[in-house]
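K.L.:
The following file, entry_2.txt, comprises compact mmCIF, C-alpha atoms:
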```
# COMPACT_ATOMS: atom_id res chain seq x y z
CA MET S 91 -21.27 75.73 54.52
CA SER S 92 -18.94 77.30 52.00
CA LEU S 93 -18.43 75.81 48.57
CA LEU S 94 -14.81 75.00 49.34
CA GLU S 95 -15.68 73.10 52.48
CA ARG S 96 -15.55 69.34 52.01
CA THR S 97 -18.39 67.15 53.18
CA PRO S 98 -16.86 64.80 55.76
CA ARG S 99 -17.01 61.12 54.82
CA PRO S 100 -19.09 59.05 57.21
CA SER S 101 -17.12 56.66 59.38
CA PRO S 102 -17.32 52.91 58.62
CA GLU S 103 -19.24 52.50 61.87
CA ARG S 104 -21.94 54.96 60.76
CA VAL S 105 -22.14 53.41 57.30
CA LEU S 106 -22.64 49.94 58.79
CA ASN S 107 -25.41 51.27 61.03
CA ALA S 108 -27.16 52.98 58.12
CA LYS S 109 -30.44 51.52 56.86
CA PRO S 110 -30.63 51.48 53.06
CA LEU S 111 -33.96 52.22 51.48
CA ARG S 112 -35.04 51.24 47.97
CA LEU S 113 -36.24 54.18 45.92
CA PHE S 114 -38.62 52.13 43.76
CA ASP S 115 -41.29 49.78 44.97
CA ALA S 116 -40.41 47.14 42.38
CA VAL S 117 -40.56 43.39 42.96
CA PRO S 118 -37.93 41.17 41.28
CA GLU S 119 -39.51 38.67 38.88
CA GLN S 120 -38.05 35.20 38.61
CA VAL S 121 -37.04 34.33 35.05
CA ALA S 122 -35.04 31.16 35.80
CA PRO S 123 -33.93 29.29 38.91
CA GLY S 124 -31.70 31.72 40.80
CA GLU S 125 -32.17 34.47 38.22
CA TYR S 126 -34.39 37.51 38.67
CA ARG S 127 -35.22 40.63 36.71
CA LEU S 128 -35.89 43.96 38.34
CA SER S 129 -37.62 46.53 36.19
CA VAL S 130 -37.75 50.14 37.34
CA PRO S 131 -39.02 53.31 35.66
CA VAL S 132 -36.42 55.91 34.72
CA LYS S 133 -37.01 59.38 33.47
CA PRO S 134 -34.87 60.08 30.41
CA SER S 135 -32.74 63.18 30.38
CA LYS S 136 -34.01 66.15 28.41
CA TRP S 137 -31.58 65.64 25.52
CA PHE S 138 -32.13 61.86 25.38
CA ALA S 139 -35.91 62.36 25.33
CA LEU S 140 -35.54 64.85 22.50
CA ILE S 141 -33.28 62.63 20.39
CA SER S 142 -35.08 59.36 21.07
CA ARG S 143 -38.50 61.06 20.84
CA GLN S 144 -39.63 59.30 23.99
CA PRO S 145 -40.73 62.06 26.32
CA GLY S 146 -42.41 59.69 28.80
CA THR S 147 -40.75 57.33 31.23
CA LEU S 148 -38.60 54.42 30.13
CA ARG S 149 -38.05 51.20 32.00
CA LYS S 150 -34.65 49.92 32.91
CA THR S 151 -34.12 46.24 33.76
CA PHE S 152 -31.50 44.86 36.10
CA ALA S 153 -30.51 41.19 36.53
CA LEU S 154 -30.20 39.87 40.07
CA ASP S 155 -29.20 36.53 41.55
CA ASP S 156 -30.41 35.08 44.86
CA LEU S 157 -28.02 37.19 46.91
CA GLY S 158 -28.87 40.33 44.95
CA LYS S 159 -32.58 39.71 45.50
CA MET S 160 -32.01 39.24 49.21
CA VAL S 161 -30.11 42.53 49.44
CA TRP S 162 -32.78 44.35 47.41
CA GLU S 163 -35.55 43.06 49.63
CA SER S 164 -33.60 43.99 52.76
CA CYS S 165 -33.36 47.62 51.62
CA ASP S 166 -36.56 48.44 53.49
CA GLY S 167 -35.31 51.32 55.61
CA ARG S 168 -35.49 49.18 58.76
CA THR S 169 -32.61 46.73 58.32
CA SER S 170 -29.13 48.10 58.93
CA ILE S 171 -26.23 47.15 56.66
CA ARG S 172 -24.56 45.46 59.64
CA ALA S 173 -27.64 43.28 60.24
CA LEU S 174 -27.90 42.49 56.53
CA ILE S 175 -24.26 41.38 56.41
CA ARG S 176 -24.77 39.09 59.40
CA GLN S 177 -27.97 37.65 57.92
CA ILE S 178 -26.28 36.79 54.62
CA ALA S 179 -23.22 35.35 56.36
CA LYS S 180 -25.41 33.17 58.55
CA ARG S 181 -27.80 32.05 55.83
CA TYR S 182 -25.13 31.09 53.30
CA ASP S 183 -22.43 30.06 55.80
CA LEU S 184 -20.04 32.68 54.48
CA ASN S 185 -17.25 34.63 56.07
CA VAL S 186 -18.43 37.95 57.48
CA ARG S 187 -15.58 39.94 55.97
CA GLU S 188 -16.22 38.52 52.50
CA VAL S 189 -19.92 39.29 52.80
CA GLU S 190 -19.12 42.80 54.05
CA VAL S 191 -16.92 43.60 51.05
CA ALA S 192 -19.34 42.10 48.52
CA THR S 193 -22.43 43.70 50.07
CA MET S 194 -20.84 47.14 50.32
CA ALA S 195 -19.74 46.93 46.69
CA PHE S 196 -23.21 45.83 45.59
CA LEU S 197 -24.95 48.55 47.61
CA LYS S 198 -22.58 51.11 46.11
CA THR S 199 -23.63 49.93 42.65
CA LEU S 200 -27.31 50.16 43.60
CA VAL S 201 -26.76 53.70 44.89
CA GLN S 202 -24.87 54.71 41.73
CA LYS S 203 -27.71 53.33 39.59
CA GLY S 204 -30.16 55.35 41.61
CA LEU S 205 -32.06 52.36 42.93
CA VAL S 206 -31.26 52.67 46.62
CA GLY S 207 -30.60 55.51 49.01
CA ILE S 208 -28.52 55.19 52.16
CA PRO S 209 -29.39 57.79 54.77
CA VAL S 210 -26.46 58.11 57.14
CA GLU S 211 -27.36 59.56 60.52
CA GLU S 212 -25.77 62.88 61.42
CA SER S 213 -22.81 62.60 63.79
CA GLU S 214 -23.26 64.08 67.22
CA MET W 119 -33.02 43.86 65.40
CA VAL W 120 -31.88 40.78 67.24
CA VAL W 121 -28.71 40.53 65.21
CA ASP W 122 -27.77 44.09 66.09
CA ALA W 123 -28.19 43.39 69.76
CA LEU W 124 -25.31 40.90 69.81
CA PRO W 125 -22.43 42.00 72.03
CA THR W 126 -19.46 43.40 70.13
CA SER W 127 -16.94 41.25 71.91
CA SER W 128 -17.43 38.12 73.93
CA PRO W 129 -14.95 35.38 74.77
CA ARG W 130 -17.67 32.73 74.41
CA ARG W 131 -18.23 33.38 70.72
CA GLN W 132 -17.58 30.87 67.97
CA ARG W 133 -13.88 30.60 67.18
CA ALA W 134 -12.08 30.49 63.86
CA LEU W 135 -8.53 29.72 62.90
CA PHE W 136 -6.18 32.32 61.49
CA ALA W 137 -2.94 30.83 60.17
CA TRP W 138 -0.47 32.99 58.31
CA GLN W 139 3.29 32.90 57.71
CA GLY W 140 3.94 30.18 60.26
CA PHE W 141 1.64 31.54 62.99
CA GLU W 142 -1.60 29.92 64.11
CA LEU W 143 -4.11 31.74 66.23
CA SER W 144 -7.63 30.94 67.36
CA ILE W 145 -9.74 34.09 67.13
CA PRO W 146 -13.45 34.95 67.41
CA ALA W 147 -15.14 34.00 64.13
CA GLU W 148 -16.10 37.60 63.39
CA TRP W 149 -12.53 38.87 63.48
CA ASN W 150 -11.18 38.87 59.97
CA PRO W 151 -8.00 40.10 58.34
CA VAL W 152 -8.41 43.45 56.64
CA ALA W 153 -4.72 44.06 55.95
CA LEU W 154 -2.01 41.50 55.27
CA SER W 155 1.46 42.42 54.18
CA GLY W 156 5.06 41.29 54.28
CA SER W 157 6.71 37.91 54.19
CA PHE W 158 7.89 35.25 56.62
CA SER W 159 10.79 37.43 57.82
CA ALA W 160 8.77 40.56 58.49
CA GLY W 161 5.14 41.39 58.08
CA HIS W 162 1.89 42.61 59.50
CA ALA W 163 -1.71 41.44 59.84
CA LEU W 164 -4.62 43.51 61.03
CA LEU W 165 -7.77 41.75 62.20
CA ALA W 166 -11.00 43.71 62.42
CA GLU W 167 -14.61 43.09 63.31
CA LEU W 168 -16.95 44.80 60.84
CA GLY W 169 -14.76 47.82 60.31
CA GLU W 170 -13.44 48.10 63.87
CA PRO W 171 -9.83 47.04 64.44
CA ARG W 172 -9.42 44.34 67.06
CA LEU W 173 -5.95 42.84 66.80
CA GLY W 174 -2.72 43.78 65.08
CA LEU W 175 -0.02 41.15 64.65
CA ARG W 176 3.45 42.20 63.57
CA TRP W 177 6.54 40.06 63.24
CA LYS W 178 10.12 40.50 62.15
CA LYS W 179 13.31 38.53 62.19
CA GLY W 180 14.98 39.00 65.55
CA ASP W 181 18.54 39.06 66.72
CA ALA W 182 19.29 36.11 69.02
CA ARG W 183 21.80 38.18 71.01
CA ARG W 184 19.10 40.70 71.88
CA GLU W 185 16.59 38.18 73.20
CA THR W 186 16.21 39.73 76.63
CA PRO W 187 13.08 40.81 78.50
CA ASP W 188 14.45 44.37 78.76
CA VAL W 189 14.43 44.73 75.00
CA LEU W 190 10.84 43.54 74.87
CA GLU W 191 9.85 45.92 77.66
CA ARG W 192 11.31 48.84 75.74
CA ILE W 193 9.45 47.70 72.62
CA VAL W 194 6.06 47.48 74.33
CA ARG W 195 6.52 50.84 76.05
CA ARG W 196 7.41 52.49 72.76
CA GLU W 197 4.47 50.83 70.96
CA ALA W 198 2.02 51.69 73.74
CA GLY W 199 3.02 55.33 73.78
CA GLY W 200 3.91 55.56 77.47
CA THR W 201 0.95 57.04 79.37
CA SER W 202 0.27 56.91 83.09
CA THR W 203 -2.70 54.52 82.66
CA GLN W 204 -0.53 51.60 81.58
CA GLN W 205 1.06 48.79 83.52
CA VAL W 206 3.81 46.53 82.21
CA LYS W 207 3.85 42.83 83.13
CA HIS W 208 6.23 39.97 82.36
CA LEU W 209 4.12 36.92 81.54
CA PRO W 210 5.09 33.46 82.68
CA ALA W 211 5.88 30.75 80.13
CA TYR W 212 2.58 29.28 78.97
CA PRO W 213 2.29 25.51 79.02
CA GLY W 214 0.89 23.66 76.03
CA ALA W 215 0.58 24.98 72.51
CA CYS W 216 1.94 28.50 72.96
CA THR W 217 5.37 28.91 71.42
CA LEU W 218 6.12 32.44 72.60
CA LYS W 219 8.79 33.09 75.17
CA GLN W 220 9.63 35.99 77.48
CA ALA W 221 6.29 37.67 76.69
CA VAL W 222 5.90 41.19 78.04
CA VAL W 223 2.53 42.97 78.02
CA CYS W 224 1.56 46.55 78.53
CA LEU W 225 -2.07 46.79 79.62
CA ASP W 226 -4.04 49.99 79.20
CA GLU W 227 -6.49 50.82 81.97
CA ARG W 228 -8.52 53.17 79.80
CA ILE W 229 -11.71 52.15 77.98
CA PRO W 230 -11.44 51.67 75.06
CA GLY W 231 -7.84 50.66 75.57
CA ARG W 232 -4.92 49.43 73.58
CA ASP W 233 -2.99 46.49 75.04
CA VAL W 234 0.40 45.62 73.63
CA CYS W 235 2.41 42.42 73.89
CA ALA W 236 5.89 41.61 72.60
CA ALA W 237 7.57 38.23 72.70
CA TRP W 238 10.08 36.06 70.91
CA ALA W 239 8.80 33.18 68.81
CA ALA W 240 10.62 30.11 70.12
CA ASP W 241 11.02 28.18 66.86
CA SER W 242 11.81 30.86 64.30
CA GLY W 243 13.32 33.48 66.62
CA ARG W 244 11.06 36.16 65.22
CA LEU W 245 10.00 39.13 67.29
CA VAL W 246 6.20 39.10 67.63
CA GLN W 247 4.17 42.15 68.56
CA LEU W 248 0.45 41.99 69.31
CA VAL W 249 -1.73 45.04 69.69
CA TYR W 250 -5.23 44.41 71.02
CA HIS W 251 -7.85 47.12 70.78
CA ALA W 252 -9.97 46.47 73.85
CA PRO W 253 -13.52 47.81 73.54
CA GLU W 254 -14.04 47.13 77.24
CA ARG W 255 -11.67 46.29 80.07
CA ASP W 256 -11.02 42.59 79.64
CA ASP W 257 -8.09 40.18 79.68
CA VAL W 258 -8.59 38.81 76.17
CA LEU W 259 -4.98 39.51 75.17
CA VAL W 260 -3.38 37.81 78.17
CA ASP W 261 -5.92 35.04 78.70
CA GLU W 262 -6.93 34.11 75.16
CA ILE W 263 -4.75 35.52 72.43
CA VAL W 264 -1.20 35.15 73.72
CA PRO W 265 -1.66 31.58 75.07
CA ALA W 266 -3.28 30.50 71.78
CA LEU W 267 -0.62 31.91 69.47
CA ARG W 268 1.37 29.03 68.08
CA GLU W 269 4.20 28.71 65.60
CA THR W 270 4.07 25.90 63.05
CA VAL W 271 7.41 26.33 61.31
CA SER W 272 8.76 23.06 62.68
CA LEU W 273 5.92 20.97 61.21
CA SER W 274 6.26 19.14 57.90
CA TRP W 275 3.00 20.64 56.58
CA GLN W 276 2.14 24.25 57.28
CA ARG W 277 -1.44 25.32 57.70
CA TRP W 278 -2.77 28.50 56.13
CA ALA W 279 -6.15 29.88 57.19
CA VAL W 280 -7.39 33.23 56.07
CA LEU W 281 -11.01 34.37 55.80
CA ASP W 282 -12.86 31.28 54.59
CA LEU W 283 -9.90 29.49 53.05
CA THR W 284 -7.96 26.91 55.05
CA CYS W 285 -5.41 24.55 53.59
CA ALA W 286 -2.02 23.05 54.29
CA VAL W 287 1.07 23.01 52.08
CA PRO W 288 4.38 21.24 52.64
CA ALA W 289 6.97 23.15 54.62
CA GLY W 290 9.46 25.01 52.48
CA PHE W 291 6.93 26.67 50.22
CA ILE W 292 7.03 30.45 50.46
CA LEU W 293 3.91 32.51 49.94
CA GLU W 294 4.37 34.31 46.64
CA SER W 295 1.11 36.23 46.45
CA HIS W 296 -2.36 36.40 47.89
CA ASP W 297 -5.46 37.62 46.13
CA LEU W 298 -8.38 37.70 48.56
CA ARG W 299 -11.60 38.91 46.98
CA ALA W 300 -15.09 38.35 48.28
CA GLY W 301 -16.06 34.87 47.14
CA ASP W 302 -12.78 34.27 45.33
CA LEU W 303 -9.78 33.60 47.55
CA GLN W 304 -6.43 32.62 46.12
CA LEU W 305 -3.01 31.90 47.58
CA LYS W 306 0.13 31.10 45.57
CA TRP W 307 3.37 29.61 46.83
CA ARG W 308 6.72 28.74 45.35
CA GLY W 309 9.38 26.42 46.59
CA ARG W 310 12.08 24.03 45.47
CA ARG W 311 9.45 21.50 44.48
CA GLY W 312 7.72 23.97 42.18
CA ARG W 313 4.70 26.20 42.48
CA ILE W 314 1.32 25.71 44.09
CA ALA W 315 -1.85 27.77 43.72
CA VAL W 316 -4.99 27.22 45.79
CA ARG W 317 -8.20 29.01 44.86
CA GLN W 318 -11.57 28.76 46.53
CA LEU W 319 -14.79 30.02 44.97
CA SER W 320 -18.03 30.48 46.87
CA LEU W 321 -20.89 29.89 46.65
CA ALA W 322 -20.55 26.82 44.45
CA ASP W 323 -24.26 26.84 43.55
CA LEU W 324 -24.00 30.34 42.16
CA VAL W 325 -20.71 29.64 40.37
CA LEU W 326 -22.05 26.48 38.74
CA GLN W 327 -25.09 28.36 37.44
CA ARG W 328 -22.77 30.46 35.30
CA THR W 329 -19.96 28.08 34.45
CA THR W 330 -18.84 24.45 34.70
CA LEU W 331 -15.88 22.76 36.33
CA GLU W 332 -14.53 21.96 32.87
CA GLN W 333 -14.60 25.62 31.89
CA LEU W 334 -12.87 26.57 35.12
CA VAL W 335 -10.05 24.09 34.44
CA ARG W 336 -9.74 25.16 30.79
CA ASN W 337 -9.68 28.86 31.69
CA ARG W 338 -6.97 28.22 34.20
CA GLN W 339 -4.92 26.23 31.69
CA ARG W 340 -5.36 28.98 29.11
CA GLU W 341 -3.37 31.35 31.33
CA HIS W 342 -0.27 29.27 30.54
CA HIS W 343 -1.09 28.42 26.92
CA LEU W 344 2.06 30.08 25.57
CA ALA W 345 4.33 27.56 27.24
CA TYR W 346 2.03 24.57 27.81
CA HIS W 347 -0.13 22.22 25.71
CA SER W 348 -3.37 21.20 27.41
CA GLN W 349 -4.01 17.48 27.26
CA GLN W 350 -7.45 16.24 26.16
CA PRO W 351 -9.71 15.08 27.69
CA LEU W 352 -10.03 16.00 31.38
CA SER W 353 -10.11 13.14 33.86
CA GLN W 354 -12.61 12.59 36.64
CA VAL W 355 -11.38 13.01 40.22
CA ARG W 356 -12.85 11.75 43.47
CA LEU W 357 -11.13 12.71 46.70
CA LEU W 358 -11.83 12.21 50.37
CA THR W 359 -10.77 15.01 52.68
CA GLU W 360 -9.18 14.61 56.10
CA ASP W 361 -12.62 15.05 57.70
CA ASP W 362 -14.34 12.58 55.33
CA ARG W 363 -15.97 15.01 52.93
CA GLU W 364 -16.23 13.76 49.37
CA LEU W 365 -14.93 16.04 46.62
CA LEU W 366 -15.85 15.35 43.00
CA GLY W 367 -14.35 17.14 40.08
CA LEU W 368 -12.04 17.20 37.10
CA SER W 369 -8.33 17.43 36.57
CA GLY W 370 -6.41 18.51 33.51
CA LEU W 371 -2.79 18.02 32.66
CA ALA W 372 -0.76 20.49 30.61
CA LEU W 373 2.66 19.57 29.22
CA ARG W 374 5.44 22.04 28.58
CA LYS W 375 5.99 22.75 24.89
CA ARG W 376 9.17 21.18 23.58
CA ARG W 377 10.70 24.45 22.52
CA PHE W 378 10.82 25.55 26.17
CA PHE W 379 13.03 22.61 27.24
CA TRP W 380 15.78 25.04 28.20
CA ARG W 381 13.54 27.00 30.62
CA SER W 382 14.43 25.35 33.90
CA GLY W 383 11.96 27.61 35.73
CA LEU W 384 9.07 26.03 33.87
CA PRO W 385 8.18 22.62 35.25
CA PRO W 386 7.62 19.86 32.63
CA GLN W 387 3.94 19.56 33.54
CA ARG W 388 1.19 21.38 35.37
CA LEU W 389 -1.87 19.75 36.89
CA THR W 390 -5.02 21.79 37.36
CA LEU W 391 -7.69 20.38 39.61
CA ALA W 392 -11.20 21.72 40.13
CA VAL W 393 -13.41 19.98 42.66
CA HIS W 394 -16.86 20.67 44.03
CA ASP W 395 -17.29 20.46 47.78
CA PRO W 396 -21.07 20.11 48.20
CA THR W 397 -20.87 19.98 52.01
CA ARG W 398 -19.31 23.43 52.24
CA ASN W 399 -20.87 24.73 49.00
CA ARG W 400 -17.45 25.73 47.68
CA ILE W 401 -15.38 25.06 44.58
CA VAL W 402 -11.72 24.39 45.17
CA MET W 403 -9.07 24.72 42.48
CA ILE W 404 -5.51 23.54 42.90
CA GLU W 405 -2.65 24.01 40.51
CA ALA W 406 0.65 22.24 41.10
CA ASP W 407 3.53 20.70 39.20
CA ASP W 408 3.03 17.35 40.85
CA ALA W 409 -0.26 15.44 40.58
CA SER W 410 0.00 13.68 43.94
CA LEU W 411 0.91 16.94 45.68
CA ALA W 412 -2.14 18.66 44.18
CA ARG W 413 -4.41 15.88 45.45
CA ASP W 414 -2.82 15.93 48.90
CA ILE W 415 -3.36 19.68 49.18
CA ALA W 416 -6.96 19.41 47.94
CA ARG W 417 -7.67 16.98 50.79
CA THR W 418 -6.65 19.62 53.34
CA VAL W 419 -8.75 22.51 52.01
CA GLY W 420 -11.53 23.48 54.37
CA THR W 421 -10.48 21.22 57.23
CA GLY W 422 -9.93 22.39 60.78
CA SER W 423 -11.20 25.92 60.22
CA ASN W 424 -13.15 26.08 63.48
```
What do you get writing this file as structure tokens?

P.N.:
Amino acid sequence: MSLLERTPRPSPERVLNAKPLRLFDAVPEQVAPGEYRLSVPVKPSKWFALISRQPGTLRKTFALDDLGKMVWESCDGRTSIRALIRQIAKRYDLNVREVEVATMAFLKTLVQKGLVGIPVEESE
Amino acid sequence: MVVDALPTSSPRRQRALFAWQGFELSIPAEWNPVALSGSFSAGHALLAELGEPRLGLRWKKGDARRETPDVLERIVRREAGGTSTQQVKHLPAYPGACTLKQAVVCLDERIPGRDVCAAWAADSGRLVQLVYHAPERDDVLVDEIVPALRETVSLSWQRWAVLDLTCAVPAGFILESHDLRAGDLQLKWRGRRGRIAVRQLSLADLVLQRTTLEQLVRNRQREHHLAYHSQQPLSQVRLLTEDDRELLGLSGLALRKRRFFWRSGLPPQRLTLAVHDPTRNRIVMIEADDASLARDIARTVGTGSN
């Protein structure tokens, strides 16, 4: 593939069939009813480690609510996004479209933070 | 997984109501609007099922002199694209709720196919076009969608149902804006009797962990603080909905500041209502110029959605 060639965006169908996988084996800890903390190790960048004088790993903490915890636990590499959306909609009696939008946005955040990977199957 | 094994389209699935700009339609619960645009005179709604388009609904003000089946036939042929795998049919008048007349359909024999229907809405005279994306060869458009499409413009209260939000407002109010975010759905109308805003937050349990009903009312009133004085304190509200659900909450009144007496567009008072619906686990907020109107609308929120 040449450098100028664009990577094609996966279709919505393929994204919904993808099975997100968490990149850290961390368990959310409950700090209050409906409030959880997820602590994951992060490796500081070279410059940050030099300035902060912390060459080892740091820990980054994320706050989750019940829905966030459910999504995190469902990122096991076996549950597809489509199944996850239907599970949430059924469990909380929510509209599927609303759950779809919220879940996709949340998964995007998790991917951007480097917590979750979404392997999308190659198109035929 | 079991959930994945569900069929993508089945006529026996749970139904939901979609009501928009004077149209009411019973659709499978998993079909949801992904695009809504336009006004009462002309507009478009696209319903999809988890990213896959299922039904397109388009309407525009028609010309009474052109209300002939030939015009509709030309419209469906143009919309369908005119291939050899299509057949055009003139549908009979449906008895009962359907308010479409002279419906013409163009059915696509291919799989997946694209069926098109055009008809005149009997009450408003609008031209209605329906485009059904058929994943398999079925008669969903002719047997389920067209007979169930109903116009409500002649009723004194018009129902609106989109995503998880259903409510009714008096006829004559025009939709001014819609803001449909996941978990936060809002519709605003304006009419001769003032303005109405309906907002629904879900899930109420999660919302109430972070804020209170009082804060919600105060935040809403703060949006108009330049022209209105908020009255202290908030009063308790208890309402019974049309289907006997009990709503408990708070209401706050804001009075127009005296220096804005000349602004006829600003009503003298605004009532903001925030109620908790524990049965549905939702929070409903209503804003209206008239206290009794706000309570009447609150009683209709969440009723008759399925």

K.L.:
Find the residues of chain W in contact range of chain S, meaning any atom within 12 Å when counting all atoms listed in the file, and list them as a tab-separated table (two decimals) with C-alpha atoms, in the coordinates of the input.

P.N.:
```
chain	number	residue	atom	x	y	z
W	119	MET	CA	-33.02	43.86	65.40
W	120	VAL	CA	-31.88	40.78	67.24
W	121	VAL	CA	-28.71	40.53	65.21
W	122	ASP	CA	-27.77	44.09	66.09
W	123	ALA	CA	-28.19	43.39	69.76
W	124	LEU	CA	-25.31	40.90	69.81
W	126	THR	CA	-19.46	43.40	70.13
W	134	ALA	CA	-12.08	30.49	63.86
W	146	PRO	CA	-13.45	34.95	67.41
W	147	ALA	CA	-15.14	34.00	64.13
W	148	GLU	CA	-16.10	37.60	63.39
W	149	TRP	CA	-12.53	38.87	63.48
W	150	ASN	CA	-11.18	38.87	59.97
W	151	PRO	CA	-8.00	40.10	58.34
W	152	VAL	CA	-8.41	43.45	56.64
W	153	ALA	CA	-4.72	44.06	55.95
W	165	LEU	CA	-7.77	41.75	62.20
W	166	ALA	CA	-11.00	43.71	62.42
W	167	GLU	CA	-14.61	43.09	63.31
W	168	LEU	CA	-16.95	44.80	60.84
W	169	GLY	CA	-14.76	47.82	60.31
W	170	GLU	CA	-13.44	48.10	63.87
W	171	PRO	CA	-9.83	47.04	64.44
W	280	VAL	CA	-7.39	33.23	56.07
W	281	LEU	CA	-11.01	34.37	55.80
W	282	ASP	CA	-12.86	31.28	54.59
W	283	LEU	CA	-9.90	29.49	53.05
W	298	LEU	CA	-8.38	37.70	48.56
W	299	ARG	CA	-11.60	38.91	46.98
W	300	ALA	CA	-15.09	38.35	48.28
W	301	GLY	CA	-16.06	34.87	47.14
W	302	ASP	CA	-12.78	34.27	45.33
W	303	LEU	CA	-9.78	33.60	47.55
W	319	LEU	CA	-14.79	30.02	44.97
W	320	SER	CA	-18.03	30.48	46.87
W	321	LEU	CA	-20.89	29.89	46.65
W	322	ALA	CA	-20.55	26.82	44.45
W	323	ASP	CA	-24.26	26.84	43.55
W	324	LEU	CA	-24.00	30.34	42.16
W	325	VAL	CA	-20.71	29.64	40.37
W	326	LEU	CA	-22.05	26.48	38.74
W	327	GLN	CA	-25.09	28.36	37.44
W	328	ARG	CA	-22.77	30.46	35.30
W	397	THR	CA	-20.87	19.98	52.01
W	398	ARG	CA	-19.31	23.43	52.24
W	399	ASN	CA	-20.87	24.73	49.00
W	400	ARG	CA	-17.45	25.73	47.68
W	423	SER	CA	-11.20	25.92	60.22
```

K.L.:
With all atoms listed in the file as the basis for distance, which of W:Val419, W:Gly140, W:Gly309, W:Trp380 is at the shortest distance from Ser272 (chain W)?

P.N.:
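Checking each of W:Val419, W:Gly140, W:Gly309, W:Trp380 against Ser272 (chain W), counting all atoms listed in the file, the winner is W:Gly140.
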
K.L.:
Determine the nearest neighbour of Leu205 (chain S) from the options S:Lys180, S:Arg143, S:Lys136, S:Lys150, counting all atoms listed in the file.

P.N.:
S:Lys150

K.L.:
List as a PDB file with C-alpha atoms, keeping the file's coordinate frame the protein and nucleic acid residues near region 404-407 of chain W, meaning an atom at most 6 Å away when only C-alpha atoms are counted, but skip any in the same chain fewer than 6 places from it.

P.N.:
```pdb
ATOM      1  CA  ARG W 313       4.700  26.200  42.480  1.00  0.00           C
ATOM      2  CA  ILE W 314       1.320  25.710  44.090  1.00  0.00           C
ATOM      3  CA  ALA W 315      -1.850  27.770  43.720  1.00  0.00           C
ATOM      4  CA  VAL W 316      -4.990  27.220  45.790  1.00  0.00           C
ATOM      5  CA  GLN W 387       3.940  19.560  33.540  1.00  0.00           C
ATOM      6  CA  ARG W 388       1.190  21.380  35.370  1.00  0.00           C
ATOM      7  CA  LEU W 389      -1.870  19.750  36.890  1.00  0.00           C
ATOM      8  CA  THR W 390      -5.020  21.790  37.360  1.00  0.00           C
ATOM      9  CA  LEU W 391      -7.690  20.380  39.610  1.00  0.00           C
TER      10      LEU W 391
END
```

K.L.:
Quote the spacing between CA of Ala412 (chain W) and CA of Arg377 (chain W) in Å to one decimal place.

P.N.:
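Answer for the CA of Ala412 (chain W) to CA of Arg377 (chain W) separation: 25.8 Å.
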
K.L.:
What does the distance between CA of Asp414 (chain W) and CA of Ser157 (chain W) come to in Å, to one decimal place?

P.N.:
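Straight-line distance from CA of Asp414 (chain W) to CA of Ser157 (chain W) works out to 24.5 Å.
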
K.L.:
May I ask which of the residues S:Ala179, S:Leu154, S:Ala122, S:Leu111 is the closest one to Val201 (chain S), counting only C-alpha atoms?

P.N.:
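The closest residue to Val201 (chain S) is S:Leu111.
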
K.L.:
Using only C-alpha atoms, which residues sit within 7 Å of region 204-208 of chain W once same-chain residues fewer than 6 positions away are excluded, as an mmCIF file with C-alpha atoms, keeping the file's coordinate frame?

P.N.:
```
data_model
loop_
_atom_site.group_PDB
_atom_site.id
_atom_site.type_symbol
_atom_site.label_atom_id
_atom_site.label_comp_id
_atom_site.auth_asym_id
_atom_site.auth_seq_id
_atom_site.Cartn_x
_atom_site.Cartn_y
_atom_site.Cartn_z
ATOM 1 C CA ALA W 221 6.290 37.670 76.690
ATOM 2 C CA VAL W 222 5.900 41.190 78.040
ATOM 3 C CA VAL W 223 2.530 42.970 78.020
ATOM 4 C CA CYS W 224 1.560 46.550 78.530
ATOM 5 C CA LEU W 225 -2.070 46.790 79.620
ATOM 6 C CA ASP W 226 -4.040 49.990 79.200
ATOM 7 C CA GLU W 227 -6.490 50.820 81.970
#
```

K.L.:
Nearest to Leu209 (chain W) among W:Asp241, W:Ser295, W:Cys235, W:Arg176, with distances taken over all atoms listed in the file: which residue is it?

P.N.:
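Going through W:Asp241, W:Ser295, W:Cys235, W:Arg176 one by one, the smallest distance to Leu209 (chain W) is for W:Cys235.
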
K.L.:
CA of Val402 (chain W) to CA of Glu341 (chain W): how many Å, to one decimal?

P.N.:
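These atoms are spaced 17.6 Å apart.
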
K.L.:
If we count all atoms listed in the file, what is near Trp162 (chain S) at a cut-off of 10 Å, once residues fewer than 3 positions away on the same chain are taken out, given as a compact mmCIF listing (two decimals) with C-alpha atoms, in the coordinates of the input?

P.N.:
```
# COMPACT_ATOMS: atom_id res chain seq x y z
CA PRO S 110 -30.63 51.48 53.06
CA LEU S 111 -33.96 52.22 51.48
CA ARG S 112 -35.04 51.24 47.97
CA ALA S 116 -40.41 47.14 42.38
CA VAL S 117 -40.56 43.39 42.96
CA PRO S 118 -37.93 41.17 41.28
CA LEU S 128 -35.89 43.96 38.34
CA LEU S 154 -30.20 39.87 40.07
CA ASP S 156 -30.41 35.08 44.86
CA LEU S 157 -28.02 37.19 46.91
CA GLY S 158 -28.87 40.33 44.95
CA LYS S 159 -32.58 39.71 45.50
CA CYS S 165 -33.36 47.62 51.62
CA ASP S 166 -36.56 48.44 53.49
CA PHE S 196 -23.21 45.83 45.59
CA LEU S 197 -24.95 48.55 47.61
CA LEU S 200 -27.31 50.16 43.60
CA LEU S 205 -32.06 52.36 42.93
CA VAL S 206 -31.26 52.67 46.62
```

K.L.:
Write out as number ranges by chain the residues lying within 6 Å of region 345-358 of chain W, counting only C-alpha atoms and excluding same-chain residues fewer than 6 positions away.

P.N.:
W: 364-375
